[in-house]
$ cat upload.tsv   # TSV, C-alpha atoms and all ligand atoms
chain	number	residue	atom	x	y	z
U	257	MET	CA	25.17	-2.82	-3.73
U	258	ALA	CA	26.93	-5.48	-5.83
U	259	ASP	CA	23.80	-7.56	-6.17
U	260	GLU	CA	21.80	-4.62	-7.44
U	261	ASP	CA	24.57	-3.79	-9.94
U	262	GLU	CA	24.42	-7.35	-11.23
U	263	TRP	CA	20.64	-7.38	-11.67
U	264	GLY	CA	20.13	-3.64	-12.19
U	265	ARG	CA	19.14	-3.89	-15.82
U	266	ALA	CA	17.02	-7.04	-15.48
U	267	GLY	CA	13.24	-6.92	-15.69
U	268	PHE	CA	10.89	-6.68	-12.71
U	269	ALA	CA	10.08	-10.40	-12.40
U	270	THR	CA	13.75	-11.39	-12.70
U	271	ARG	CA	14.80	-8.93	-9.99
U	272	ALA	CA	11.93	-10.10	-7.75
U	273	ILE	CA	13.37	-13.61	-7.86
U	274	HIS	CA	17.10	-12.80	-7.71
U	275	VAL	CA	18.05	-9.47	-6.08
U	276	GLY	CA	19.45	-10.11	-2.59
U	277	GLN	CA	18.91	-13.83	-3.06
U	278	ALA	CA	22.16	-15.38	-4.32
U	279	PRO	CA	22.42	-19.07	-3.34
U	280	GLU	CA	23.65	-19.44	0.23
U	281	PRO	CA	27.46	-19.86	-0.09
U	282	GLU	CA	28.00	-22.70	2.40
U	283	THR	CA	25.42	-25.18	1.09
U	284	GLY	CA	24.19	-23.73	-2.19
U	285	ALA	CA	20.61	-23.57	-0.88
U	286	ILE	CA	18.71	-21.53	-3.44
U	287	ASN	CA	16.33	-19.96	-0.93
U	288	THR	CA	17.47	-17.31	1.51
U	289	PRO	CA	17.84	-19.00	4.91
U	290	LEU	CA	15.68	-17.96	7.83
U	291	TYR	CA	18.17	-16.44	10.28
U	292	LEU	CA	16.27	-16.51	13.54
U	293	ALA	CA	19.28	-15.40	15.64
U	294	SER	CA	18.72	-12.33	17.78
U	295	THR	CA	22.45	-11.74	18.27
U	296	TYR	CA	25.71	-12.47	16.40
U	297	ALA	CA	29.16	-13.57	17.58
U	298	GLN	CA	31.86	-10.88	17.50
U	299	ALA	CA	35.51	-11.75	16.85
U	300	SER	CA	36.64	-8.91	19.09
U	301	PRO	CA	34.55	-6.18	20.76
U	302	GLY	CA	32.78	-4.29	17.97
U	303	VAL	CA	34.20	-6.53	15.22
U	304	THR	CA	31.22	-8.15	13.45
U	305	ARG	CA	30.55	-9.78	10.09
U	306	GLY	CA	28.00	-7.06	9.37
U	307	TYR	CA	25.40	-8.06	11.93
U	308	ALA	CA	25.40	-7.44	15.68
U	309	TYR	CA	21.76	-7.58	16.83
U	310	SER	CA	18.64	-8.41	14.82
U	311	ARG	CA	16.69	-5.21	15.55
U	312	SER	CA	19.53	-3.28	13.89
U	313	GLY	CA	19.95	-5.72	11.02
U	314	ASN	CA	19.11	-9.30	10.09
U	315	PRO	CA	20.36	-11.17	6.99
U	316	THR	CA	16.94	-12.55	6.01
U	317	ARG	CA	15.25	-9.19	6.47
U	318	ARG	CA	18.12	-7.53	4.60
U	319	ALA	CA	17.68	-9.82	1.57
U	320	TYR	CA	14.00	-8.88	1.43
U	321	GLU	CA	14.70	-5.17	1.95
U	322	ASP	CA	17.27	-5.16	-0.88
U	323	CYS	CA	14.88	-6.93	-3.23
U	324	LEU	CA	12.00	-4.60	-2.39
U	325	ALA	CA	14.23	-1.53	-2.83
U	326	SER	CA	15.15	-2.74	-6.30
U	327	LEU	CA	11.50	-3.32	-7.26
U	328	GLU	CA	10.51	0.17	-6.10
U	329	ALA	CA	13.42	1.72	-8.05
U	330	GLY	CA	14.99	2.79	-4.76
U	331	THR	CA	18.36	2.23	-3.13
U	332	ARG	CA	17.35	1.17	0.35
U	333	GLY	CA	14.35	-0.60	1.86
U	334	PHE	CA	13.19	-1.08	5.43
U	335	ALA	CA	10.79	-3.74	6.68
U	336	PHE	CA	8.45	-3.00	9.57
U	337	ALA	CA	6.05	-4.95	11.76
U	338	SER	CA	3.00	-3.35	10.08
U	339	GLY	CA	2.09	-0.63	7.62
U	340	LEU	CA	1.36	1.66	10.52
U	341	ALA	CA	4.74	0.88	12.09
U	342	ALA	CA	6.31	2.00	8.78
U	343	THR	CA	4.16	5.16	8.83
U	344	THR	CA	5.03	5.92	12.46
U	345	THR	CA	8.74	5.52	11.75
U	346	VAL	CA	8.66	7.75	8.67
U	347	LEU	CA	6.78	10.43	10.63
U	348	GLY	CA	9.73	10.24	13.06
U	349	LEU	CA	11.60	12.30	10.43
U	350	LEU	CA	9.56	15.29	11.69
U	351	SER	CA	9.70	17.30	14.89
U	352	GLN	CA	7.38	19.13	17.21
U	353	GLY	CA	5.74	22.09	15.42
U	354	ASP	CA	6.06	20.58	11.93
U	355	HIS	CA	3.04	20.62	9.63
U	356	VAL	CA	2.00	17.87	7.18
U	357	VAL	CA	-0.34	18.17	4.21
U	358	ALA	CA	-2.10	14.85	3.61
U	359	CYS	CA	-4.60	13.81	0.96
U	360	HIS	CA	-8.17	13.93	2.25
U	361	ASP	CA	-9.23	10.44	1.10
U	362	ILE	CA	-6.62	8.72	3.25
U	363	TYR	CA	-6.53	5.30	4.98
U	364	GLY	CA	-8.50	5.79	8.22
U	365	GLY	CA	-5.78	4.27	10.40
U	366	SER	CA	-3.21	6.76	9.09
U	367	MET	CA	-5.59	9.61	9.94
U	368	ARG	CA	-6.14	8.14	13.42
U	369	LEU	CA	-2.38	7.95	14.01
U	370	PHE	CA	-1.88	11.52	12.79
U	371	ASP	CA	-4.80	13.14	14.62
U	372	ARG	CA	-5.01	11.16	17.84
U	373	VAL	CA	-1.37	10.32	18.52
U	374	LEU	CA	1.08	12.55	16.66
U	375	THR	CA	-0.80	15.81	17.31
U	376	ARG	CA	-0.14	15.13	21.01
U	377	PHE	CA	3.57	15.46	20.14
U	378	GLY	CA	3.00	18.85	18.53
U	379	MET	CA	2.72	17.86	14.86
U	380	MET	CA	-0.01	19.40	12.72
U	381	PHE	CA	-2.00	17.83	9.89
U	382	ASP	CA	-4.29	19.21	7.21
U	383	TYR	CA	-6.30	16.94	4.91
U	384	VAL	CA	-6.66	18.47	1.47
U	385	ASP	CA	-8.37	17.40	-1.74
U	386	LEU	CA	-5.30	17.36	-3.97
U	387	ALA	CA	-7.07	16.41	-7.20
U	388	ASP	CA	-5.90	19.82	-8.41
U	389	PRO	CA	-2.17	19.99	-7.50
U	390	ALA	CA	-2.52	23.77	-6.99
U	391	ALA	CA	-4.40	22.93	-3.78
U	392	LEU	CA	-1.08	21.81	-2.28
U	393	THR	CA	0.49	25.23	-2.77
U	394	ALA	CA	-2.59	26.86	-1.23
U	395	ALA	CA	-2.33	24.58	1.84
U	396	LEU	CA	1.35	25.29	2.57
U	397	ARG	CA	2.33	26.99	5.81
U	398	PRO	CA	5.78	28.25	6.78
U	399	ASN	CA	6.21	25.11	8.93
U	400	THR	CA	5.02	22.56	6.33
U	401	ARG	CA	7.62	19.80	6.06
U	402	MET	CA	5.91	16.80	4.51
U	403	LEU	CA	3.37	15.83	1.86
U	404	TRP	CA	1.66	12.48	2.55
U	405	ILE	CA	-0.40	10.99	-0.27
U	406	GLU	CA	-2.05	7.81	-1.46
U	407	SER	CA	-2.84	7.24	-5.12
U	408	PRO	CA	-5.20	5.63	-5.90
U	409	THR	CA	-6.87	6.68	-2.66
U	410	ASN	CA	-8.59	4.30	-0.30
U	411	PRO	CA	-11.47	3.53	-0.74
U	412	LEU	CA	-12.62	5.82	-3.58
U	413	LEU	CA	-9.75	5.19	-5.99
U	414	GLN	CA	-9.26	8.85	-6.71
U	415	LEU	CA	-5.93	9.42	-8.44
U	416	LEU	CA	-3.49	12.16	-7.61
U	417	ASP	CA	-0.98	13.47	-10.12
U	418	ILE	CA	2.12	12.28	-8.28
U	419	ARG	CA	4.65	13.95	-10.58
U	420	ALA	CA	2.91	17.35	-10.48
U	421	LEU	CA	2.53	17.19	-6.69
U	422	CYS	CA	6.20	16.20	-6.26
U	423	GLU	CA	7.31	19.19	-8.35
U	424	ARG	CA	5.33	21.59	-6.18
U	425	ALA	CA	6.45	19.87	-2.98
U	426	ARG	CA	10.09	19.96	-4.04
U	427	ALA	CA	9.86	23.70	-4.70
U	428	ALA	CA	8.61	24.09	-1.11
U	429	GLY	CA	11.33	21.81	0.33
U	430	LEU	CA	8.90	19.11	1.52
U	431	ILE	CA	9.57	15.40	1.96
U	432	VAL	CA	7.06	13.57	-0.25
U	433	VAL	CA	5.76	10.23	1.01
U	434	VAL	CA	3.54	8.04	-1.17
U	435	ASP	CA	1.60	5.15	0.32
U	436	ASN	CA	1.79	2.72	-2.61
U	437	THR	CA	-0.11	-0.13	-0.95
U	438	PHE	CA	-2.93	-0.25	-3.51
U	439	MET	CA	-0.73	-0.57	-6.60
U	440	SER	CA	2.40	-2.42	-5.44
U	441	PRO	CA	5.67	-1.59	-7.20
U	442	TYR	CA	4.59	-3.74	-10.13
U	443	PHE	CA	2.00	-1.18	-11.25
U	444	GLN	CA	3.35	2.09	-9.81
U	445	ARG	CA	6.78	3.33	-8.76
U	446	PRO	CA	6.46	6.73	-7.06
U	447	LEU	CA	10.23	7.24	-6.64
U	448	GLU	CA	10.45	7.40	-10.46
U	449	LEU	CA	7.80	10.14	-10.36
U	450	GLY	CA	9.77	12.28	-7.89
U	451	ALA	CA	8.68	11.01	-4.45
U	452	ASP	CA	11.22	10.75	-1.62
U	453	VAL	CA	9.74	7.84	0.36
U	454	VAL	CA	7.40	5.01	-0.60
U	455	VAL	CA	5.44	3.31	2.15
U	456	HIS	CA	3.54	0.02	2.00
U	457	SER	CA	1.27	-2.02	4.11
U	458	THR	CA	2.92	-5.27	2.98
U	459	THR	CA	0.00	-7.02	4.66
U	460	LYS	CA	-1.66	-6.45	1.27
U	461	TYR	CA	-0.29	-7.22	-2.22
U	462	ILE	CA	3.35	-7.71	-1.23
U	463	GLY	CA	2.53	-10.38	1.36
U	464	GLY	CA	-0.30	-11.35	-0.95
U	465	HIS	CA	-1.75	-14.33	0.95
U	466	SER	CA	-3.54	-12.72	3.93
U	467	ASP	CA	-1.24	-14.57	6.31
U	468	LEU	CA	0.97	-11.83	7.75
U	469	VAL	CA	1.00	-8.21	8.87
U	470	GLY	CA	3.87	-6.05	7.67
U	471	GLY	CA	4.99	-2.67	6.42
U	472	ALA	CA	7.84	-1.20	4.43
U	473	ALA	CA	9.51	2.08	3.53
U	474	ILE	CA	11.77	2.56	0.51
U	475	VAL	CA	13.93	5.54	-0.39
U	476	GLY	CA	16.23	6.58	-3.19
U	477	ASP	CA	18.34	9.20	-1.41
U	478	ALA	CA	21.25	7.88	0.69
U	479	GLU	CA	21.04	10.54	3.39
U	480	LEU	CA	17.30	9.95	3.85
U	481	GLY	CA	18.07	6.24	3.97
U	482	ASP	CA	20.52	6.80	6.82
U	483	ARG	CA	17.94	8.81	8.74
U	484	ILE	CA	15.28	6.09	8.37
U	485	ALA	CA	17.83	3.40	9.30
U	486	PHE	CA	18.53	5.34	12.48
U	487	LEU	CA	14.79	5.72	13.23
U	488	SER	CA	14.08	2.06	12.49
U	489	ASN	CA	16.68	0.98	15.01
U	490	ALA	CA	15.84	3.70	17.53
U	491	MET	CA	12.05	3.21	17.41
U	492	GLY	CA	12.27	-0.57	17.04
U	493	GLY	CA	9.23	-1.39	14.88
U	494	VAL	CA	11.11	-3.84	12.63
U	495	GLN	CA	9.46	-6.82	10.98
U	496	ALA	CA	9.89	-10.27	12.56
U	497	THR	CA	12.35	-12.41	10.61
U	498	PHE	CA	9.86	-15.12	9.68
U	499	ASP	CA	7.41	-12.55	8.29
U	500	ALA	CA	10.22	-10.88	6.31
U	501	TRP	CA	11.06	-14.31	4.89
U	502	LEU	CA	7.40	-14.85	3.91
U	503	CYS	CA	7.37	-11.43	2.21
U	504	LEU	CA	10.55	-12.27	0.31
U	505	ARG	CA	8.95	-15.50	-0.87
U	506	SER	CA	5.84	-13.58	-1.90
U	507	LEU	CA	7.84	-11.04	-3.93
U	508	LYS	CA	8.88	-13.85	-6.27
U	509	THR	CA	5.28	-14.16	-7.53
U	510	LEU	CA	4.31	-10.48	-7.30
U	511	ALA	CA	4.45	-9.89	-11.07
U	512	VAL	CA	2.25	-12.87	-11.98
U	513	ARG	CA	-0.13	-12.21	-9.12
U	514	MET	CA	-0.60	-8.54	-10.04
U	515	ARG	CA	-1.26	-9.39	-13.69
U	516	ALA	CA	-3.88	-11.94	-12.62
U	517	HIS	CA	-5.46	-9.55	-10.08
U	518	GLU	CA	-5.79	-7.00	-12.85
U	519	ALA	CA	-7.33	-9.39	-15.39
U	520	ASN	CA	-9.94	-10.48	-12.84
U	521	ALA	CA	-10.60	-6.91	-11.76
U	522	PHE	CA	-11.37	-5.92	-15.35
U	523	ALA	CA	-13.93	-8.75	-15.58
U	524	VAL	CA	-15.60	-7.77	-12.30
U	525	ALA	CA	-15.55	-4.03	-13.03
U	526	ARG	CA	-17.11	-4.49	-16.48
U	527	PHE	CA	-19.83	-6.72	-15.02
U	528	LEU	CA	-20.67	-4.20	-12.27
U	529	ASP	CA	-20.56	-1.29	-14.69
U	530	ALA	CA	-23.29	-2.92	-16.79
U	531	HIS	CA	-25.50	-3.94	-13.83
U	532	PRO	CA	-28.70	-1.93	-13.30
U	533	ASP	CA	-28.41	-2.02	-9.48
U	534	VAL	CA	-24.95	-0.46	-9.47
U	535	ASP	CA	-24.68	3.31	-9.81
U	536	ASP	CA	-21.05	4.13	-9.93
U	537	VAL	CA	-18.08	1.85	-10.58
U	538	ARG	CA	-14.63	3.21	-9.93
U	539	TYR	CA	-11.83	1.20	-11.52
U	540	PRO	CA	-8.86	3.12	-12.93
U	541	GLY	CA	-8.70	0.78	-15.94
U	542	LEU	CA	-12.20	1.67	-17.14
U	543	PRO	CA	-12.41	4.64	-19.52
U	544	SER	CA	-15.36	5.82	-17.37
U	545	HIS	CA	-12.97	6.47	-14.45
U	546	PRO	CA	-12.70	10.28	-14.31
U	547	GLN	CA	-8.90	10.06	-14.25
U	548	HIS	CA	-8.36	7.16	-16.63
U	549	ALA	CA	-5.86	9.23	-18.66
U	550	LEU	CA	-3.78	10.00	-15.56
U	551	ALA	CA	-3.91	6.32	-14.57
U	552	THR	CA	-2.54	5.36	-17.97
U	553	ALA	CA	0.20	7.99	-17.73
U	554	GLN	CA	1.54	7.37	-14.22
U	555	MET	CA	0.79	3.68	-13.61
U	556	HIS	CA	1.96	0.56	-15.40
U	557	GLY	CA	-1.43	-1.12	-14.96
U	558	PHE	CA	-4.62	-0.66	-12.97
U	559	GLY	CA	-4.49	-3.08	-10.06
U	560	GLY	CA	-7.10	-5.23	-8.39
U	561	MET	CA	-9.17	-2.75	-6.36
U	562	ILE	CA	-12.66	-1.57	-7.28
U	563	ALA	CA	-15.08	0.79	-5.55
U	564	ALA	CA	-18.76	0.45	-6.43
U	565	ARG	CA	-21.85	2.25	-5.21
U	566	VAL	CA	-24.94	0.04	-5.12
U	567	ARG	CA	-28.44	1.49	-5.29
U	568	GLY	CA	-30.58	1.40	-2.18
U	569	ASP	CA	-30.12	1.86	1.53
U	570	LEU	CA	-27.86	0.31	4.13
U	571	ALA	CA	-30.21	-2.68	4.51
U	572	HIS	CA	-29.85	-3.42	0.79
U	573	ALA	CA	-26.05	-3.21	0.92
U	574	THR	CA	-26.05	-5.40	4.04
U	575	ARG	CA	-28.17	-8.10	2.35
U	576	LEU	CA	-25.77	-8.11	-0.59
U	577	LEU	CA	-22.74	-8.43	1.68
U	578	GLU	CA	-24.37	-11.26	3.63
U	579	SER	CA	-25.13	-13.13	0.39
U	580	VAL	CA	-21.65	-13.45	-1.13
U	581	ARG	CA	-20.16	-16.95	-1.19
U	582	VAL	CA	-16.93	-16.83	-3.21
U	583	PHE	CA	-16.11	-13.33	-1.98
U	584	THR	CA	-15.48	-13.05	1.74
U	585	LEU	CA	-16.88	-10.15	3.73
U	586	ALA	CA	-13.69	-8.96	5.42
U	587	GLU	CA	-11.34	-6.02	5.88
U	588	SER	CA	-7.94	-5.87	4.17
U	589	LEU	CA	-7.07	-6.39	0.53
U	590	GLY	CA	-4.44	-7.66	-1.84
U	591	GLY	CA	-4.63	-11.37	-1.01
U	592	VAL	CA	-5.28	-14.32	-3.30
U	593	GLU	CA	-8.87	-14.55	-2.05
U	594	SER	CA	-11.45	-11.98	-3.12
U	595	LEU	CA	-12.71	-9.73	-0.34
U	596	ILE	CA	-15.58	-7.30	-0.18
U	597	ALA	CA	-16.00	-4.63	2.49
U	598	HIS	CA	-18.31	-1.85	3.57
U	599	PRO	CA	-15.90	1.06	4.18
U	600	ALA	CA	-18.32	3.22	6.23
U	601	ILE	CA	-18.84	0.45	8.80
U	602	MET	CA	-15.58	-1.48	8.45
U	603	THR	CA	-12.31	-0.09	7.10
U	604	HIS	CA	-13.09	3.59	7.60
U	605	ALA	CA	-14.95	3.41	10.92
U	606	SER	CA	-12.00	5.19	12.56
U	607	MET	CA	-12.58	8.24	10.32
U	608	PRO	CA	-14.95	10.85	11.83
U	609	ALA	CA	-18.49	10.40	10.40
U	610	GLU	CA	-18.69	13.93	9.00
U	611	VAL	CA	-15.35	13.50	7.20
U	612	ARG	CA	-16.56	10.18	5.80
U	613	ARG	CA	-19.75	11.73	4.45
U	614	ALA	CA	-17.90	14.71	2.98
U	615	ASN	CA	-15.53	12.29	1.23
U	616	GLY	CA	-18.39	10.30	-0.34
U	617	ILE	CA	-18.04	7.19	1.83
U	618	ASP	CA	-21.76	6.50	2.13
U	619	ASP	CA	-23.95	3.49	2.94
U	620	GLY	CA	-24.02	2.23	-0.65
U	621	LEU	CA	-20.26	2.26	-1.16
U	622	LEU	CA	-18.54	-1.12	-1.38
U	623	ARG	CA	-14.81	-1.79	-1.69
U	624	ILE	CA	-13.79	-4.88	-3.57
U	625	SER	CA	-10.39	-6.55	-3.54
U	626	VAL	CA	-10.44	-8.88	-6.52
U	627	GLY	CA	-8.46	-12.04	-5.85
U	628	LEU	CA	-7.16	-14.85	-7.99
U	629	GLU	CA	-10.16	-17.19	-8.22
U	630	ASP	CA	-11.66	-17.88	-11.65
U	631	ALA	CA	-13.18	-14.67	-13.02
U	632	ASP	CA	-16.41	-16.45	-14.03
U	633	ASP	CA	-16.97	-17.60	-10.44
U	634	LEU	CA	-16.39	-14.09	-9.10
U	635	VAL	CA	-18.84	-12.53	-11.53
U	636	ALA	CA	-21.45	-15.25	-10.89
U	637	ASP	CA	-21.11	-14.72	-7.14
U	638	LEU	CA	-21.69	-10.98	-7.38
U	639	ALA	CA	-24.62	-11.57	-9.75
U	640	GLN	CA	-26.36	-13.91	-7.30
U	641	ALA	CA	-25.64	-11.59	-4.34
U	642	LEU	CA	-27.11	-8.60	-6.20
U	643	ASP	CA	-30.17	-10.73	-7.04
U	644	ALA	CA	-30.54	-11.92	-3.46
U	645	ALA	CA	-30.34	-8.36	-2.16
U	646	ARG	CA	-33.05	-7.22	-4.60
U	647	VAL	CA	-35.44	-10.20	-4.36
U	648	THR	CA	-35.90	-9.91	-0.61
U	649	ALA	CA	-36.15	-6.12	-0.70
Z	1	LIG	C1	-3.47	2.18	2.16
Z	1	LIG	C2	-3.09	1.62	3.50
Z	1	LIG	N1	-2.01	2.11	4.13
Z	1	LIG	C3	-1.63	1.64	5.35
Z	1	LIG	C4	-2.35	0.65	5.99
Z	1	LIG	C5	-1.91	0.18	7.36
Z	1	LIG	O1	-1.25	-1.04	7.24
Z	1	LIG	P1	-1.24	-2.18	8.37
Z	1	LIG	O2	-2.65	-2.64	8.57
Z	1	LIG	O3	-0.34	-3.22	7.80
Z	1	LIG	O4	-0.69	-1.55	9.61
Z	1	LIG	C6	-3.46	0.11	5.36
Z	1	LIG	C7	-4.24	-0.96	6.03
Z	1	LIG	O5	-5.34	-1.30	5.63
Z	1	LIG	C8	-3.84	0.61	4.09
Z	1	LIG	O6	-4.93	0.13	3.44
$ encode --input "upload.tsv" --output "structure tokens"
Amino acid sequence: MADEDEWGRAGFATRAIHVGQAPEPETGAINTPLYLASTYAQASPGVTRGYAYSRSGNPTRRAYEDCLASLEAGTRGFAFASGLAATTTVLGLLSQGDHVVACHDIYGGSMRLFDRVLTRFGMMFDYVDLADPAALTAALRPNTRMLWIESPTNPLLQLLDIRALCERARAAGLIVVVDNTFMSPYFQRPLELGADVVVHSTTKYIGGHSDLVGGAAIVGDAELGDRIAFLSNAMGGVQATFDAWLCLRSLKTLAVRMRAHEANAFAVARFLDAHPDVDDVRYPGLPSHPQHALATAQMHGFGGMIAARVRGDLAHATRLLESVRVFTLAESLGGVESLIAHPAIMTHASMPAEVRRANGIDDGLLRISVGLEDADDLVADLAQALDAARVTA
């Protein structure tokens, strides 16, 4: 990829703004044009200028995919209509009878896809607490083909040792997929740690403005890239051109946004940590996080997500969530606006109740996506909401 060669040694923010995005040759326009064409003229049957039909390839989407691949330290990226479309396509690498080991604290929608759709096609899934990488080896079966992990996990922000798990998975011949949605490539690059495929819900930090739904997969290995290119075209879950264009625009500010998310998250996490009504604050940047050392070793920063357990019952948590004013009570994460959610009732409702309880997703657990408002306003908002929840108790 000539473009990647040219920018290969540049820093993250420079590549985010330039890879795949040379000025348009005809007019010099500095932004990648939005190519809304579904089909492309051929000079002679089968003779194209690289594009024949937009499901198979689109110049706007391609610019974004090349840029994202560079940021994830991969060679090839693929943009999908949603995170789950990316997940579905990557699972298309497997066949009937294949077994997958997945982390137990997994996004509920991924578990729903695995257990309620893909099992009907003869795939098998086990959810394993992989905090100790030896648990992977213990979970292997002769037909295990894939390891599927998130780190930090959603919503409890448990970290997994990606490098150690990749070493064990490689010895067993597994494809390792890391859902990197929570960190974005700015703070974590799993391909550098030995993973084969990185998946994103680009609805989150990559899109960054809560105005689109998208997904992505990035690989380093050329042969795996060809297989996913085939699946992307064959299964057809590609991202719409306009949304790919929005994602490309969002990549340009990913570095500054992630730094600002992190600075605000530190302020909010420290405030919650010191508050008497909050029992347990999980933020990988705090030394009190049980895996702070691992976070420092495998990530380039700590992100904008916090899990906090408030004291009291469901009614108390509900009053708090109804009292926020700067935060919005909503699902999703990674946008410029701060969101707060109740995983047991909202984001993880699709996970069976007994699995939720076993994983520690109880009535007091809140998930916070710290946005880009002023940190003082965010802290003041949580302070008044905690007060409101207590006063009326
Ligand atoms: C970690 C993680 N992975 C995947 C997904 C699915 O992405 P999408 O909603 O874009 O389909 C989500 C959505 O919340 C998520 O949080």
$ residues_near_ligand --input "upload.tsv" --ligand "ligand LIG 1 (chain Z)" --cutoff "9 Å" --atoms "all atoms listed in the file" --output "PyMOL selection string"
chain U and resi 336-343+362-366+406-411+435-438+455-460+468-471+587-589+603
$ closest_residue --input "upload.tsv" --among "U:Tyr383, U:Thr295, U:Phe522, U:Phe527" --to "Leu542 in chain U" --atoms "all atoms listed in the file"
U:Phe522
$ closest_residue --input "upload.tsv" --among "U:Leu504, U:Met402, U:Ile596, U:Asp417" --to "Val275 in chain U" --atoms "all atoms listed in the file"
U:Leu504
$ closest_residue --input "upload.tsv" --among "U:Glu593, U:Asp477, U:Asp371, U:Asp361" --to "Val453 in chain U" --atoms "all atoms listed in the file"
U:Asp477
$ atom_distance --input "upload.tsv" --atom1 "CA of Leu349 in chain U" --atom2 "CA of Tyr309 in chain U"
23.2 Å
$ build_atoms --input "upload.tsv" --residues "range 291-304 of chain U" --atoms "N, CA, C and O atoms" --output "compact mmCIF listing (two decimals), in the frame of the given file"
# COMPACT_ATOMS: atom_id res chain seq x y z
N TYR U 291 17.22 -16.66 9.18
CA TYR U 291 18.17 -16.44 10.28
C TYR U 291 17.40 -15.94 11.49
O TYR U 291 17.10 -14.75 11.61
N LEU U 292 17.08 -16.88 12.39
CA LEU U 292 16.27 -16.51 13.54
C LEU U 292 17.11 -15.97 14.70
O LEU U 292 16.56 -15.64 15.74
N ALA U 293 18.43 -15.89 14.55
CA ALA U 293 19.28 -15.40 15.64
C ALA U 293 18.92 -13.98 16.03
O ALA U 293 18.68 -13.13 15.18
N SER U 294 18.91 -13.71 17.33
CA SER U 294 18.72 -12.33 17.78
C SER U 294 20.05 -11.61 17.91
O SER U 294 20.12 -10.38 17.83
N THR U 295 21.15 -12.39 18.11
CA THR U 295 22.45 -11.74 18.27
C THR U 295 23.53 -12.52 17.51
O THR U 295 23.31 -13.66 17.10
N TYR U 296 24.68 -11.91 17.29
CA TYR U 296 25.71 -12.47 16.40
C TYR U 296 27.07 -12.43 17.10
O TYR U 296 27.41 -11.43 17.77
N ALA U 297 27.84 -13.49 16.93
CA ALA U 297 29.16 -13.57 17.58
C ALA U 297 30.09 -12.50 17.02
O ALA U 297 30.08 -12.21 15.81
N GLN U 298 30.89 -11.90 17.90
CA GLN U 298 31.86 -10.88 17.50
C GLN U 298 33.27 -11.43 17.72
O GLN U 298 33.56 -12.05 18.75
N ALA U 299 34.15 -11.21 16.76
CA ALA U 299 35.51 -11.75 16.85
C ALA U 299 36.30 -11.02 17.93
O ALA U 299 37.16 -11.60 18.60
N SER U 300 35.98 -9.78 18.12
CA SER U 300 36.64 -8.91 19.09
C SER U 300 35.60 -7.83 19.38
O SER U 300 34.70 -7.63 18.54
N PRO U 301 35.62 -7.14 20.49
CA PRO U 301 34.55 -6.18 20.76
C PRO U 301 34.34 -5.21 19.59
O PRO U 301 35.28 -4.55 19.14
N GLY U 302 33.11 -5.20 19.07
CA GLY U 302 32.78 -4.29 17.97
C GLY U 302 33.16 -4.82 16.60
O GLY U 302 32.87 -4.18 15.59
N VAL U 303 33.81 -5.98 16.52
CA VAL U 303 34.20 -6.53 15.22
C VAL U 303 33.17 -7.60 14.82
O VAL U 303 33.14 -8.70 15.40
N THR U 304 32.31 -7.25 13.86
CA THR U 304 31.22 -8.15 13.45
C THR U 304 31.43 -8.55 11.99
O THR U 304 32.30 -8.01 11.30
